[in-house]
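Participant: Pasting a structure here, questions to come.
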4 protein chains.
Amino acid sequence: MKILVTGFDPFGGEKVNPAFEVLKKLKRNIAGAKISLLEVPTVFGESVAKVISAIEKQKPDVVLMIGQAGGRYEVTVERIGINIDDARIPDNKNNQPIDKPIDPEGPAAYFATVPVKAMVQAIRKSGVPASVSNTAGTFVCNHLLYGVLHYLAKNAPQVKAGFIHIPLLIEQAIGKTNMPSMGLKTMVTAIEAAITAVVSSSSKKASTKKPKSPQKVSS
Amino acid sequence: MKILVTGFDPFGGEKVNPAFEVLKKLKRNIAGAKISLLEVPTVFGESVAKVISAIEKQKPDVVLMIGQAGGRYEVTVERIGINIDDARIPDNKNNQPIDKPIDPEGPAAYFATVPVKAMVQAIRKSGVPASVSNTAGTFVCNHLLYGVLHYLAKNAPQVKAGFIHIPLLIEQAIGKTNMPSMGLKTMVTAIEAAITAVVSSSSKKASTKKPKSPQKVSS
Amino acid sequence: MKILVTGFDPFGGEKVNPAFEVLKKLKRNIAGAKISLLEVPTVFGESVAKVISAIEKQKPDVVLMIGQAGGRYEVTVERIGINIDDARIPDNKNNQPIDKPIDPEGPAAYFATVPVKAMVQAIRKSGVPASVSNTAGTFVCNHLLYGVLHYLAKNAPQVKAGFIHIPLLIEQAIGKTNMPSMGLKTMVTAIEAAITAVVSSSSKKASTKKPKSPQKVSS
Amino acid sequence: MKILVTGFDPFGGEKVNPAFEVLKKLKRNIAGAKISLLEVPTVFGESVAKVISAIEKQKPDVVLMIGQAGGRYEVTVERIGINIDDARIPDNKNNQPIDKPIDPEGPAAYFATVPVKAMVQAIRKSGVPASVSNTAGTFVCNHLLYGVLHYLAKNAPQVKAGFIHIPLLIEQAIGKTNMPSMGLKTMVTAIEAAITAVVSSSSKKASTKKPKSPQKVSS
């Protein structure tokens, strides 16, 4: 089993992005799955293109995208990506789309195809607060989630994809008022637990599910 | 122009629902539009059935649903309804669906078809804090929003529909810790401003838009 | 019975101060007490001087100071004023004392001498969320509370004094993220309820208390 | 130099108290100072008695008390302890004093005598969010801070004392909604940085200060 894990580069004036910091610390083999890593630019359009290109080369079984969610207290596993770009700040190439569909021909949304609830449970069991999120926002994080799910739905529906938002790193919260944050090691623990849940869910399905059963809503 | 405005009954141990309290205070004619009111039970399934039945009888041009969002600071206009019921507490008939699609055959989501951003601007201009929300949750509020948009998409696509969440009433916040709240009169001002924006947007479209132009993503 | 009610002028970039807006709407006779009003500059030193000067001229029985507390959800009645100025922003005359005692010879703190808990109960009964606060901060609000209590302790110990913080007005919260706010009318209701509690507590004490009983800690 | 560091036992339904967990991980020698540790019961009265008894036996130069502050985002160094017990929940021996002075003969408050601002700066430099707090609440934490400062003021004014509040541990936040938390290792880093600042401030004063200079307000 091959899992492609992506993390954004820093944006919005931050010097680091916890998502990419987590990537650098991840084990390359988790629960028997081979992990490959990809840094993604915080840029509308380019982010999706870079991940699709990696999917086409590496042919992973699962794509797990990670992003920073300033202001969140917990690790949150996203339930859905929606067909809209609506940016309050410019991305790293100064694009700031307002109320623009990601694909005017695409459906309004896609549910993540990873086991969202099982991932949340696994993260909590590993000792880290986690919950399901029903919105990935309308900035580049949601853009990438929708873009990848849209691509996979058309081109490789057997590949699962999902998105995990993580809080700011502890050092990013210094000097910000009432800003929740989390240590890097804790985040790495959480992401590895989530990946283990993905692997475990896939192997269960592989052994117990009848072939060609219709795809269910994910979570 | 006819606008059907709906509000839920109390749930989750509250004695009032600000949505229904607002309804009782609304003017019956706003910016030339005729307002009709409907109390809706906080019950999965029944809520949608009751609103659809009213739509079929009254044939409104717009359906504006209002609900309580404990913990929110502002009046929020919802951008999207998603195809999932996932209830942390039971509804008023003790249903508590977990991760259940609202319609297993339905699309993942519908965007609201009212002018979300214009409504937010109008509410702010009326002196009340407001913002766009990207999630109506996964309880009865989202259920009703999705259910009505789903029905209208199939049966009456010319009818617009949207959902506004309002904070707790001031008196509901007494004894709760750090719970944002808002006065009833302020909420009524906000909803009337939002309705005025809906009316104004419809008349602009009616006079300037070419017929049969394709429906755009809402907001 | 005469009550002097004070409210600050706007500071920190705001165009209004809810405290002064409340003053303008207050009844001039509340529960039989005569209310006089005083606008106070948001300036270290001058604020205390202006209130002391009014006390000396008007000889009130109670001084009730009102100030704005951005970020608070409720009306809060302050329990204590402390002997320190420590300003994160400059006052309205560009003073920004850091860690400076208000009076190097003064005690570390004074408890408010109004009935804090009874005022909180009365505000809640009037339908408005309220709680006791254990810190008035270290800006001009605390400075005034400490300064007035310090003056009264030495010069007129029979005069009661207290401080009430109120949230931002609804219109001040527009465009701020997750900022609690409250309507003006609600705040006026709360302050009048608090004043009624002060009056009622004074008359009870006047009729039931033995003379020369030692002063108790206030709240 | 000898520093007595105290931490409370668990209370309020929690299974651990981060304060005591931090104690167990602290180095016993920090910046040349000898650290001794003391677990303190979360009980009005007994907590103060136990710390005073340790002070009398060990004769430390500094007493640094540590407590849990659920809901805080940062490590906070307390500026002041106030002369009031006002408990929203019972302590571990079921005492729940309401609006009771700690010592009816004592002053309204004492400022901490450790270098509060220098400690905050040192904690931030160590990579951990920190700020000054102007209230230690009115439960056992404030009770202990006031009680120890009161004892030292009368009996050993050369001994410095202060209080640091720490957030919940990460594992305590699981299942709580929007609850900030922090990793144990991060907290240990913060407390060791704060102690280093205390030691460094004492040695600077020892070498540069004229003898018998009057005690200044602490922070």
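The way I read the labels, and the way they are meant: chains A, B, ... in the order of the structure tokens, residue 1 as the first residue of every chain, and ligand 1 as the first ligand shown, with later ones counted on from there.
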Find the residues of chain B in contact range of chain C, meaning any atom within 10 Å when counting only C-alpha atoms, and list them as a PDB file with all heavy atoms, in the first residue's frame.

Facilitator:
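Result written to selection_1.pdb:
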ATOM      1  N   GLY B  71     -23.380  29.557  20.242  1.00  0.00           N
ATOM      2  CA  GLY B  71     -21.936  29.675  20.165  1.00  0.00           C
ATOM      3  C   GLY B  71     -21.472  30.608  19.059  1.00  0.00           C
ATOM      4  O   GLY B  71     -20.326  31.039  19.064  1.00  0.00           O
ATOM      5  N   ARG B  72     -22.374  30.935  18.114  1.00  0.00           N
ATOM      6  CA  ARG B  72     -21.956  31.896  17.086  1.00  0.00           C
ATOM      7  C   ARG B  72     -22.183  33.318  17.585  1.00  0.00           C
ATOM      8  O   ARG B  72     -23.093  33.576  18.353  1.00  0.00           O
ATOM      9  CB  ARG B  72     -22.727  31.655  15.778  1.00  0.00           C
ATOM     10  CG  ARG B  72     -22.305  30.326  15.127  1.00  0.00           C
ATOM     11  CD  ARG B  72     -22.597  30.279  13.641  1.00  0.00           C
ATOM     12  NE  ARG B  72     -22.267  28.940  13.113  1.00  0.00           N
ATOM     13  CZ  ARG B  72     -22.678  28.471  11.955  1.00  0.00           C
ATOM     14  NH1 ARG B  72     -23.427  29.222  11.154  1.00  0.00           N
ATOM     15  NH2 ARG B  72     -22.333  27.249  11.557  1.00  0.00           N
ATOM     16  N   TYR B  73     -21.318  34.231  17.133  1.00  0.00           N
ATOM     17  CA  TYR B  73     -21.328  35.620  17.591  1.00  0.00           C
ATOM     18  C   TYR B  73     -22.188  36.512  16.719  1.00  0.00           C
ATOM     19  O   TYR B  73     -22.592  37.591  17.133  1.00  0.00           O
ATOM     20  CB  TYR B  73     -19.904  36.194  17.549  1.00  0.00           C
ATOM     21  CG  TYR B  73     -18.918  35.539  18.453  1.00  0.00           C
ATOM     22  CD1 TYR B  73     -18.411  34.277  18.161  1.00  0.00           C
ATOM     23  CD2 TYR B  73     -18.477  36.175  19.609  1.00  0.00           C
ATOM     24  CE1 TYR B  73     -17.501  33.668  18.991  1.00  0.00           C
ATOM     25  CE2 TYR B  73     -17.547  35.565  20.436  1.00  0.00           C
ATOM     26  CZ  TYR B  73     -17.066  34.319  20.128  1.00  0.00           C
ATOM     27  OH  TYR B  73     -16.167  33.722  20.951  1.00  0.00           O
ATOM     28  N   GLU B  74     -22.365  36.119  15.490  1.00  0.00           N
ATOM     29  CA  GLU B  74     -22.944  36.988  14.483  1.00  0.00           C
ATOM     30  C   GLU B  74     -24.144  36.295  13.857  1.00  0.00           C
ATOM     31  O   GLU B  74     -24.357  35.100  14.033  1.00  0.00           O
ATOM     32  CB  GLU B  74     -21.928  37.226  13.363  1.00  0.00           C
ATOM     33  CG  GLU B  74     -20.590  37.720  13.827  1.00  0.00           C
ATOM     34  CD  GLU B  74     -19.682  38.010  12.659  1.00  0.00           C
ATOM     35  OE1 GLU B  74     -19.461  37.087  11.835  1.00  0.00           O
ATOM     36  OE2 GLU B  74     -19.202  39.148  12.556  1.00  0.00           O
ATOM     37  N   ILE B 123     -27.082  43.103   6.077  1.00  0.00           N
ATOM     38  CA  ILE B 123     -27.228  42.960   7.537  1.00  0.00           C
ATOM     39  C   ILE B 123     -26.228  43.884   8.240  1.00  0.00           C
ATOM     40  O   ILE B 123     -26.570  44.593   9.187  1.00  0.00           O
ATOM     41  CB  ILE B 123     -27.022  41.486   7.962  1.00  0.00           C
ATOM     42  CG1 ILE B 123     -28.097  40.606   7.329  1.00  0.00           C
ATOM     43  CG2 ILE B 123     -27.043  41.361   9.485  1.00  0.00           C
ATOM     44  CD1 ILE B 123     -27.856  39.106   7.482  1.00  0.00           C
ATOM     45  N   ARG B 124     -24.991  43.888   7.757  1.00  0.00           N
ATOM     46  CA  ARG B 124     -23.983  44.781   8.352  1.00  0.00           C
ATOM     47  C   ARG B 124     -24.409  46.243   8.229  1.00  0.00           C
ATOM     48  O   ARG B 124     -24.251  47.019   9.172  1.00  0.00           O
ATOM     49  CB  ARG B 124     -22.631  44.583   7.671  1.00  0.00           C
ATOM     50  CG  ARG B 124     -21.983  43.258   8.016  1.00  0.00           C
ATOM     51  CD  ARG B 124     -20.633  43.119   7.311  1.00  0.00           C
ATOM     52  NE  ARG B 124     -19.954  41.884   7.710  1.00  0.00           N
ATOM     53  CZ  ARG B 124     -18.825  41.450   7.179  1.00  0.00           C
ATOM     54  NH1 ARG B 124     -18.236  42.138   6.209  1.00  0.00           N
ATOM     55  NH2 ARG B 124     -18.269  40.332   7.601  1.00  0.00           N
ATOM     56  N   LYS B 125     -24.922  46.604   7.060  1.00  0.00           N
ATOM     57  CA  LYS B 125     -25.365  47.993   6.863  1.00  0.00           C
ATOM     58  C   LYS B 125     -26.479  48.367   7.827  1.00  0.00           C
ATOM     59  O   LYS B 125     -26.622  49.526   8.214  1.00  0.00           O
ATOM     60  CB  LYS B 125     -25.855  48.191   5.422  1.00  0.00           C
ATOM     61  CG  LYS B 125     -24.829  48.842   4.531  1.00  0.00           C
ATOM     62  CD  LYS B 125     -25.490  49.465   3.297  1.00  0.00           C
ATOM     63  CE  LYS B 125     -24.452  50.140   2.412  1.00  0.00           C
ATOM     64  NZ  LYS B 125     -24.959  50.275   1.030  1.00  0.00           N
ATOM     65  N   SER B 126     -27.273  47.385   8.216  1.00  0.00           N
ATOM     66  CA  SER B 126     -28.359  47.654   9.173  1.00  0.00           C
ATOM     67  C   SER B 126     -27.829  47.764  10.596  1.00  0.00           C
ATOM     68  O   SER B 126     -28.600  47.985  11.529  1.00  0.00           O
ATOM     69  CB  SER B 126     -29.410  46.542   9.087  1.00  0.00           C
ATOM     70  OG  SER B 126     -28.991  45.389   9.813  1.00  0.00           O
ATOM     71  N   GLY B 127     -26.503  47.578  10.770  1.00  0.00           N
ATOM     72  CA  GLY B 127     -25.888  47.772  12.087  1.00  0.00           C
ATOM     73  C   GLY B 127     -25.667  46.509  12.886  1.00  0.00           C
ATOM     74  O   GLY B 127     -25.397  46.553  14.083  1.00  0.00           O
ATOM     75  N   VAL B 128     -25.732  45.355  12.226  1.00  0.00           N
ATOM     76  CA  VAL B 128     -25.640  44.079  12.944  1.00  0.00           C
ATOM     77  C   VAL B 128     -24.467  43.266  12.379  1.00  0.00           C
ATOM     78  O   VAL B 128     -24.336  43.146  11.162  1.00  0.00           O
ATOM     79  CB  VAL B 128     -26.956  43.286  12.810  1.00  0.00           C
ATOM     80  CG1 VAL B 128     -26.897  41.987  13.606  1.00  0.00           C
ATOM     81  CG2 VAL B 128     -28.145  44.130  13.253  1.00  0.00           C
ATOM     82  N   PRO B 129     -23.615  42.702  13.244  1.00  0.00           N
ATOM     83  CA  PRO B 129     -22.499  41.886  12.754  1.00  0.00           C
ATOM     84  C   PRO B 129     -23.003  40.650  12.007  1.00  0.00           C
ATOM     85  O   PRO B 129     -23.933  39.987  12.466  1.00  0.00           O
ATOM     86  CB  PRO B 129     -21.753  41.463  14.028  1.00  0.00           C
ATOM     87  CG  PRO B 129     -22.236  42.376  15.109  1.00  0.00           C
ATOM     88  CD  PRO B 129     -23.613  42.819  14.719  1.00  0.00           C
ATOM     89  N   ALA B 130     -22.389  40.354  10.882  1.00  0.00           N
ATOM     90  CA  ALA B 130     -22.825  39.214  10.063  1.00  0.00           C
ATOM     91  C   ALA B 130     -21.652  38.688   9.267  1.00  0.00           C
ATOM     92  O   ALA B 130     -20.683  39.410   9.013  1.00  0.00           O
ATOM     93  CB  ALA B 130     -23.945  39.647   9.102  1.00  0.00           C
ATOM     94  N   SER B 131     -21.736  37.416   8.896  1.00  0.00           N
ATOM     95  CA  SER B 131     -20.709  36.859   8.011  1.00  0.00           C
ATOM     96  C   SER B 131     -21.279  35.668   7.263  1.00  0.00           C
ATOM     97  O   SER B 131     -22.365  35.175   7.573  1.00  0.00           O
ATOM     98  CB  SER B 131     -19.469  36.449   8.809  1.00  0.00           C
ATOM     99  OG  SER B 131     -19.792  35.471   9.753  1.00  0.00           O
ATOM    100  N   LEU B 169     -30.545  34.102  22.031  1.00  0.00           N
ATOM    101  CA  LEU B 169     -31.079  35.333  22.597  1.00  0.00           C
ATOM    102  C   LEU B 169     -30.340  35.679  23.889  1.00  0.00           C
ATOM    103  O   LEU B 169     -29.850  34.790  24.587  1.00  0.00           O
ATOM    104  CB  LEU B 169     -32.570  35.145  22.931  1.00  0.00           C
ATOM    105  CG  LEU B 169     -33.512  35.186  21.732  1.00  0.00           C
ATOM    106  CD1 LEU B 169     -34.885  34.683  22.146  1.00  0.00           C
ATOM    107  CD2 LEU B 169     -33.606  36.622  21.207  1.00  0.00           C
ATOM    108  N   ILE B 170     -30.307  36.943  24.203  1.00  0.00           N
ATOM    109  CA  ILE B 170     -29.623  37.405  25.418  1.00  0.00           C
ATOM    110  C   ILE B 170     -30.058  36.605  26.639  1.00  0.00           C
ATOM    111  O   ILE B 170     -29.232  36.166  27.432  1.00  0.00           O
ATOM    112  CB  ILE B 170     -29.924  38.897  25.623  1.00  0.00           C
ATOM    113  CG1 ILE B 170     -29.306  39.689  24.477  1.00  0.00           C
ATOM    114  CG2 ILE B 170     -29.412  39.359  26.971  1.00  0.00           C
ATOM    115  CD1 ILE B 170     -28.753  40.994  24.853  1.00  0.00           C
ATOM    116  N   GLU B 171     -31.368  36.392  26.779  1.00  0.00           N
ATOM    117  CA  GLU B 171     -31.834  35.728  27.991  1.00  0.00           C
ATOM    118  C   GLU B 171     -31.436  34.253  28.013  1.00  0.00           C
ATOM    119  O   GLU B 171     -31.349  33.657  29.091  1.00  0.00           O
ATOM    120  CB  GLU B 171     -33.347  35.898  28.169  1.00  0.00           C
ATOM    121  CG  GLU B 171     -34.174  35.518  26.961  1.00  0.00           C
ATOM    122  CD  GLU B 171     -34.448  36.716  26.053  1.00  0.00           C
ATOM    123  OE1 GLU B 171     -33.537  37.563  25.891  1.00  0.00           O
ATOM    124  OE2 GLU B 171     -35.574  36.821  25.511  1.00  0.00           O
ATOM    125  N   GLN B 172     -31.149  33.653  26.849  1.00  0.00           N
ATOM    126  CA  GLN B 172     -30.684  32.258  26.835  1.00  0.00           C
ATOM    127  C   GLN B 172     -29.240  32.124  27.327  1.00  0.00           C
ATOM    128  O   GLN B 172     -28.812  31.042  27.713  1.00  0.00           O
ATOM    129  CB  GLN B 172     -30.756  31.685  25.413  1.00  0.00           C
ATOM    130  CG  GLN B 172     -32.165  31.482  24.886  1.00  0.00           C
ATOM    131  CD  GLN B 172     -32.133  30.948  23.452  1.00  0.00           C
ATOM    132  OE1 GLN B 172     -31.880  31.693  22.522  1.00  0.00           O
ATOM    133  NE2 GLN B 172     -32.359  29.657  23.274  1.00  0.00           N
ATOM    134  N   ALA B 173     -28.498  33.230  27.282  1.00  0.00           N
ATOM    135  CA  ALA B 173     -27.069  33.161  27.642  1.00  0.00           C
ATOM    136  C   ALA B 173     -26.832  33.299  29.140  1.00  0.00           C
ATOM    137  O   ALA B 173     -25.726  33.060  29.614  1.00  0.00           O
ATOM    138  CB  ALA B 173     -26.286  34.236  26.892  1.00  0.00           C
ATOM    139  N   ILE B 174     -27.868  33.669  29.881  1.00  0.00           N
ATOM    140  CA  ILE B 174     -27.696  33.856  31.322  1.00  0.00           C
ATOM    141  C   ILE B 174     -27.293  32.529  31.964  1.00  0.00           C
ATOM    142  O   ILE B 174     -27.950  31.517  31.772  1.00  0.00           O
ATOM    143  CB  ILE B 174     -28.989  34.400  31.967  1.00  0.00           C
ATOM    144  CG1 ILE B 174     -29.274  35.797  31.421  1.00  0.00           C
ATOM    145  CG2 ILE B 174     -28.879  34.430  33.486  1.00  0.00           C
ATOM    146  CD1 ILE B 174     -30.568  36.391  31.912  1.00  0.00           C
ATOM    147  N   GLY B 175     -26.221  32.545  32.712  1.00  0.00           N
ATOM    148  CA  GLY B 175     -25.783  31.343  33.402  1.00  0.00           C
ATOM    149  C   GLY B 175     -24.913  30.434  32.552  1.00  0.00           C
ATOM    150  O   GLY B 175     -24.352  29.473  33.050  1.00  0.00           O
ATOM    151  N   LYS B 176     -24.812  30.716  31.247  1.00  0.00           N
ATOM    152  CA  LYS B 176     -23.860  29.967  30.425  1.00  0.00           C
ATOM    153  C   LYS B 176     -22.548  30.749  30.409  1.00  0.00           C
ATOM    154  O   LYS B 176     -22.548  31.972  30.395  1.00  0.00           O
ATOM    155  CB  LYS B 176     -24.391  29.806  28.994  1.00  0.00           C
ATOM    156  CG  LYS B 176     -25.738  29.060  28.934  1.00  0.00           C
ATOM    157  CD  LYS B 176     -26.090  28.693  27.488  1.00  0.00           C
ATOM    158  CE  LYS B 176     -27.295  27.780  27.411  1.00  0.00           C
ATOM    159  NZ  LYS B 176     -28.580  28.502  27.316  1.00  0.00           N
ATOM    160  N   THR B 177     -21.438  30.036  30.368  1.00  0.00           N
ATOM    161  CA  THR B 177     -20.136  30.708  30.427  1.00  0.00           C
ATOM    162  C   THR B 177     -19.658  31.096  29.033  1.00  0.00           C
ATOM    163  O   THR B 177     -19.658  30.260  28.136  1.00  0.00           O
ATOM    164  CB  THR B 177     -19.098  29.785  31.094  1.00  0.00           C
ATOM    165  OG1 THR B 177     -19.610  29.399  32.364  1.00  0.00           O
ATOM    166  CG2 THR B 177     -17.772  30.503  31.279  1.00  0.00           C
ATOM    167  N   ASN B 178     -19.239  32.329  28.871  1.00  0.00           N
ATOM    168  CA  ASN B 178     -18.681  32.796  27.593  1.00  0.00           C
ATOM    169  C   ASN B 178     -19.542  32.397  26.403  1.00  0.00           C
ATOM    170  O   ASN B 178     -19.069  31.834  25.418  1.00  0.00           O
ATOM    171  CB  ASN B 178     -17.262  32.272  27.399  1.00  0.00           C
ATOM    172  CG  ASN B 178     -16.269  32.989  28.282  1.00  0.00           C
ATOM    173  OD1 ASN B 178     -16.629  33.967  28.949  1.00  0.00           O
ATOM    174  ND2 ASN B 178     -15.039  32.534  28.300  1.00  0.00           N
ATOM    175  N   MET B 179     -20.827  32.670  26.516  1.00  0.00           N
ATOM    176  CA  MET B 179     -21.753  32.327  25.445  1.00  0.00           C
ATOM    177  C   MET B 179     -22.214  33.608  24.761  1.00  0.00           C
ATOM    178  O   MET B 179     -22.849  34.449  25.380  1.00  0.00           O
ATOM    179  CB  MET B 179     -22.946  31.584  26.035  1.00  0.00           C
ATOM    180  CG  MET B 179     -23.992  31.197  25.004  1.00  0.00           C
ATOM    181  SD  MET B 179     -23.366  30.145  23.663  1.00  0.00           S
ATOM    182  CE  MET B 179     -23.293  28.552  24.500  1.00  0.00           C
ATOM    183  N   PRO B 180     -21.859  33.774  23.485  1.00  0.00           N
ATOM    184  CA  PRO B 180     -22.319  34.980  22.787  1.00  0.00           C
ATOM    185  C   PRO B 180     -23.839  34.968  22.626  1.00  0.00           C
ATOM    186  O   PRO B 180     -24.458  33.904  22.547  1.00  0.00           O
ATOM    187  CB  PRO B 180     -21.627  34.899  21.425  1.00  0.00           C
ATOM    188  CG  PRO B 180     -21.162  33.504  21.275  1.00  0.00           C
ATOM    189  CD  PRO B 180     -21.024  32.920  22.652  1.00  0.00           C
ATOM    190  N   SER B 181     -24.421  36.135  22.570  1.00  0.00           N
ATOM    191  CA  SER B 181     -25.876  36.226  22.432  1.00  0.00           C
ATOM    192  C   SER B 181     -26.230  37.537  21.745  1.00  0.00           C
ATOM    193  O   SER B 181     -25.365  38.384  21.509  1.00  0.00           O
ATOM    194  CB  SER B 181     -26.539  36.139  23.797  1.00  0.00           C
ATOM    195  OG  SER B 181     -26.123  37.209  24.619  1.00  0.00           O
ATOM    196  N   MET B 182     -27.502  37.716  21.432  1.00  0.00           N
ATOM    197  CA  MET B 182     -27.943  38.901  20.695  1.00  0.00           C
ATOM    198  C   MET B 182     -29.389  39.220  21.095  1.00  0.00           C
ATOM    199  O   MET B 182     -30.161  38.317  21.399  1.00  0.00           O
ATOM    200  CB  MET B 182     -27.858  38.599  19.200  1.00  0.00           C
ATOM    201  CG  MET B 182     -27.912  39.820  18.292  1.00  0.00           C
ATOM    202  SD  MET B 182     -27.626  39.386  16.551  1.00  0.00           S
ATOM    203  CE  MET B 182     -25.859  39.728  16.395  1.00  0.00           C
ATOM    204  N   GLY B 183     -29.726  40.496  21.085  1.00  0.00           N
ATOM    205  CA  GLY B 183     -31.090  40.905  21.431  1.00  0.00           C
ATOM    206  C   GLY B 183     -32.066  40.572  20.310  1.00  0.00           C
ATOM    207  O   GLY B 183     -31.710  40.554  19.129  1.00  0.00           O
ATOM    208  N   LEU B 184     -33.312  40.331  20.679  1.00  0.00           N
ATOM    209  CA  LEU B 184     -34.335  39.940  19.703  1.00  0.00           C
ATOM    210  C   LEU B 184     -34.533  41.020  18.641  1.00  0.00           C
ATOM    211  O   LEU B 184     -34.604  40.725  17.440  1.00  0.00           O
ATOM    212  CB  LEU B 184     -35.658  39.660  20.434  1.00  0.00           C
ATOM    213  CG  LEU B 184     -36.840  39.259  19.550  1.00  0.00           C
ATOM    214  CD1 LEU B 184     -36.512  38.032  18.722  1.00  0.00           C
ATOM    215  CD2 LEU B 184     -38.072  38.980  20.421  1.00  0.00           C
ATOM    216  N   LYS B 185     -34.608  42.268  19.090  1.00  0.00           N
ATOM    217  CA  LYS B 185     -34.858  43.364  18.159  1.00  0.00           C
ATOM    218  C   LYS B 185     -33.729  43.471  17.124  1.00  0.00           C
ATOM    219  O   LYS B 185     -33.970  43.724  15.940  1.00  0.00           O
ATOM    220  CB  LYS B 185     -34.945  44.663  18.965  1.00  0.00           C
ATOM    221  CG  LYS B 185     -35.974  45.626  18.428  1.00  0.00           C
ATOM    222  CD  LYS B 185     -36.104  46.817  19.339  1.00  0.00           C
ATOM    223  CE  LYS B 185     -36.544  48.036  18.550  1.00  0.00           C
ATOM    224  NZ  LYS B 185     -36.664  49.219  19.426  1.00  0.00           N
ATOM    225  N   THR B 186     -32.505  43.258  17.584  1.00  0.00           N
ATOM    226  CA  THR B 186     -31.356  43.287  16.677  1.00  0.00           C
ATOM    227  C   THR B 186     -31.472  42.187  15.629  1.00  0.00           C
ATOM    228  O   THR B 186     -31.185  42.404  14.446  1.00  0.00           O
ATOM    229  CB  THR B 186     -30.055  43.093  17.489  1.00  0.00           C
ATOM    230  OG1 THR B 186     -30.013  44.098  18.501  1.00  0.00           O
ATOM    231  CG2 THR B 186     -28.833  43.188  16.609  1.00  0.00           C
TER     232      THR B 186
END

Participant: Quick one: pick out all strand (DSSP E or B) residues within range 36-126 of chain A from a backbone DSSP run and write them as a ChimeraX atom specification.

Facilitator: /A:36-40,62-68,75-78,80-82,85,100,109-111

Participant: Using only C-alpha atoms, which residues sit within 6 Å of range 59-69 of chain B once same-chain residues fewer than 5 positions away are excluded, as number ranges by chain?

Facilitator: B: 2-7, 19, 159-167

Participant: Quick one: residues within 12 Å of Val40 in chain C, only C-alpha atoms counted, chain neighbours fewer than 3 positions away excluded, as a ChimeraX atom specification?

Facilitator: /C:4-11,17,19-20,23,37,43-54,65-67,92,140-141,144

Participant: Let me make sure I understand: among B:Ser36, B:Lys15, B:Glu56, B:Ala194, which one has the smallest atom-to-atom distance to Leu152 in chain B if we use only C-alpha atoms?

Facilitator: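 Between B:Ser36, B:Lys15, B:Glu56, B:Ala194, the residue approaching Leu152 in chain B most closely is B:Glu56.
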
Participant: Can you tell me, as a VMD selection string, what residues are no more than 9 Å from Gly32 in chain A when counting only C-alpha atoms, ignoring any on the same chain fewer than 3 positions away?

Facilitator: chain A and resid 1 29 196 199

Participant: Taking the DSSP assignment computed from this structure's backbone, write out as a count of residues only all residues of range 4-194 of chain D that belong to helix (DSSP H, G or I).

Facilitator: 62
